[in-house]
Structures are given as C-alpha cells and as structure tokens.
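Visitor: The structure follows.
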Amino acid sequence: MSINPLKLLPGYNCGRCGLPNCRAFARHLREGGEVDECPLMGQERYAANRAELTEALASARDLAPYPGLVGGMAASIMLAPLPGEPTCREDIYPLDRDVRVKAGDAVTYRPLGCPIAHHAVVLKVEHSVLTVHLTGPLNRMGDDDHRPQDLGICMIAAFEGVVMDDRTVEVGETVRFIPHQCMMQKVHSGVVVSSEGERVRIEGIDLKVY
C-alpha cells in the first residue's frame with residue numbers, strides 16, 4: 001500500500017471500532033478489515049479520507065495474489081533470491097550459545113515457529129548471527145564428509161532478496177511475504193528496513209501470522 005492508513009484515520013483512539021487505538025485499527029485494515037468498522041469514518045468531515053483510504057485498500061488487496069498453503073493467509077509479495085544466488089539470504093540466530101560455525105559450513109536447524117528442519121550453507125558469521133542460503137529440507141551438500149552441524153532451534157532475524165512482479169514496498173512498512181525457498185509456502189511477516197530498487201531486507205520476522 002502506497003499510503004499509511006493511520007494518517008487518514010480520525011486519530012481519536014476512541015476504541016469504538018473494538019480495537020484499543022487507531023494504530024491497531026490501521027493494522028487491522030492492512031490485514032483485511034473494512035473502513036466502515038470505524039464509526040467516525042462515516043461522518044461527512046471524513047468523506048474525502050474515507051474515499052482515499054477505501055480506494056487504497058482495494059488497490060492493495062488486488063496486489064495480494066500469493067495465497068499461502070497453510071494458515072489461510074495471503075501474502076502481498078513473493079521474495080526471490082538476489083541475482084546469481086540460489087535462495088533468499090536468511091539471517092538466523094542459534095539459541096545454543098555454544099554453536100561454532102564458519103563460512104562454508106553445512107548446517108541444519110529448525111526455525112522457532114516452524115515444524116520443518118532446514119538444511120543450509122553458511123555465507124558469513126557476524127556477532128553470533130549466521131547468514132545462510134537454504135539447501136532444502138534434505139541435506140544436499142553431498143556425501144558423509146559434508147554432514148551438516150545441527151544448530152538446534154534458531155530465531156529467524158531477517159530475510160534479504162528481490163521483490164517479484166514489479167511490486168514496491170516502503171521502508172518501515174510491515175509486509176506479509178513468502179520467501180522463494182519456503183518449503184511450506186507459509187506466509188511470513190516482517191518490517192522492511194531497507195529497499196534499494198527491487199532489493200529489500202526484512203527484519204522482525206514473525207512466522208505466527210494471524
């Protein structure tokens with residue numbers, strides 16, 4: 001969505017919509033809510049705002065053609081790998097503080113909130129955060145000499161990749177997305193922290209999208 005719904009709402013935080021404040025209602029709109037659920041937006045003084053917001057929401061929902069295969073949610077963007085790379089970059093944070101890995105190592109881990117074990121190769125390690133490329137749900141590193149190190153449960157810190165289909169996102173925007181490599185085609189959510197052309201970095205990853 002090219003506009004911030006919060007800027008078009010009355011801003012009284014009255015709770016008459018059933019939510020605690022206008023910020024929560026703006027988030028509700030992004031997640032499929034209707035403008036008419038705010039009683040104040042039906043007043044004549046908000047007619048222009050209501051029309052603009054209704055049109056923006058309709059356009060945004062037309063740009064959400066990526067249904068997830070679990071959870072009944074739809075994503076607004078599909079995140080593809082950076083040019084020349086096999087999968088989106090994924091930053092992971094092992095909960096096991098004794099993990100010792102280096103660039104080039106094969107690893108396996110389970111993201112917190114995901115039931116499937118992931119296999120990956122480490123690109124770099126910075127301050128205990130590993131940047132990896134996923135290789136699949138199975139070890140594809142070759143023979144027994146490349147058995148992956150089991151990292152256990154990991155927090156997912158960020159994804160970095162390319163937004164498909166000429167869609168645009170804004171820095172600071174919370175987006176629902178499906179990473180190209182996701183085996184479950186599950187909708188993730190996160191906050192866009194950088195956007196350069198089609199390349200974006202999304203942090204604050206939440207796998208429990210409601």
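Starting from 1 in every chain, residues are counted up; chains themselves are A, B, ... following the order of the structure tokens, and ligands are numbered from 1 as listed.
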Excluding range 30-37 of chain A and any residue of its chain fewer than 5 positions from it, enumerate the residues within 8 Å of it, using only C-alpha atoms, and give them as a PyMOL selection string.
Guide: chain A and resi 17+42+50+53-54+57
Visitor: Pull C-alpha atoms from the residues just selected and write them as a PDB file, in the first residue's frame.
Guide:
ATOM      1  CA  CYS A  17     -14.154   0.014  16.473  1.00  0.00           C
ATOM      2  CA  GLY A  42     -18.879   7.626   8.213  1.00  0.00           C
ATOM      3  CA  ARG A  50     -12.732   7.584   3.620  1.00  0.00           C
ATOM      4  CA  LEU A  53      -8.490   5.009   2.123  1.00  0.00           C
ATOM      5  CA  THR A  54     -11.122   2.736   0.563  1.00  0.00           C
ATOM      6  CA  LEU A  57      -7.130  -0.648   0.362  1.00  0.00           C
TER       7      LEU A  57
END
Visitor: Find the residues near range 161-168 of chain A: any atom within 12 Å, counting only C-alpha atoms, skip ones fewer than 5 places away on the same chain, and give them as a count of residues only.
Guide: 46
Visitor: Suppose you want the space between CA of Arg110 in chain A and CA of Gly172 in chain A; what is it in Å?
Guide: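 These two atoms are separated by 27.7 Å.
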Visitor: From the options A:Gly15, A:Gly204, A:Gly190, A:Pro20, which residue's atoms come nearest to Val169 in chain A, counting only C-alpha atoms?
Guide: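 Counting only C-alpha atoms, the residue closest to Val169 in chain A is A:Gly190.
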Visitor: Tell me, as a list in words, which residues lie within 12 Å of Asp98 in chain A, counting only C-alpha atoms; anything in the same chain fewer than 4 positions away does not count.
Guide: Tyr93, Pro94, Ser128, Asp150, Leu151 and Gly152 of chain A
Visitor: Based on the backbone DSSP call, show me all residues of range 23-169 of chain A assigned strand (DSSP E), as a count of residues only.
Guide: 52
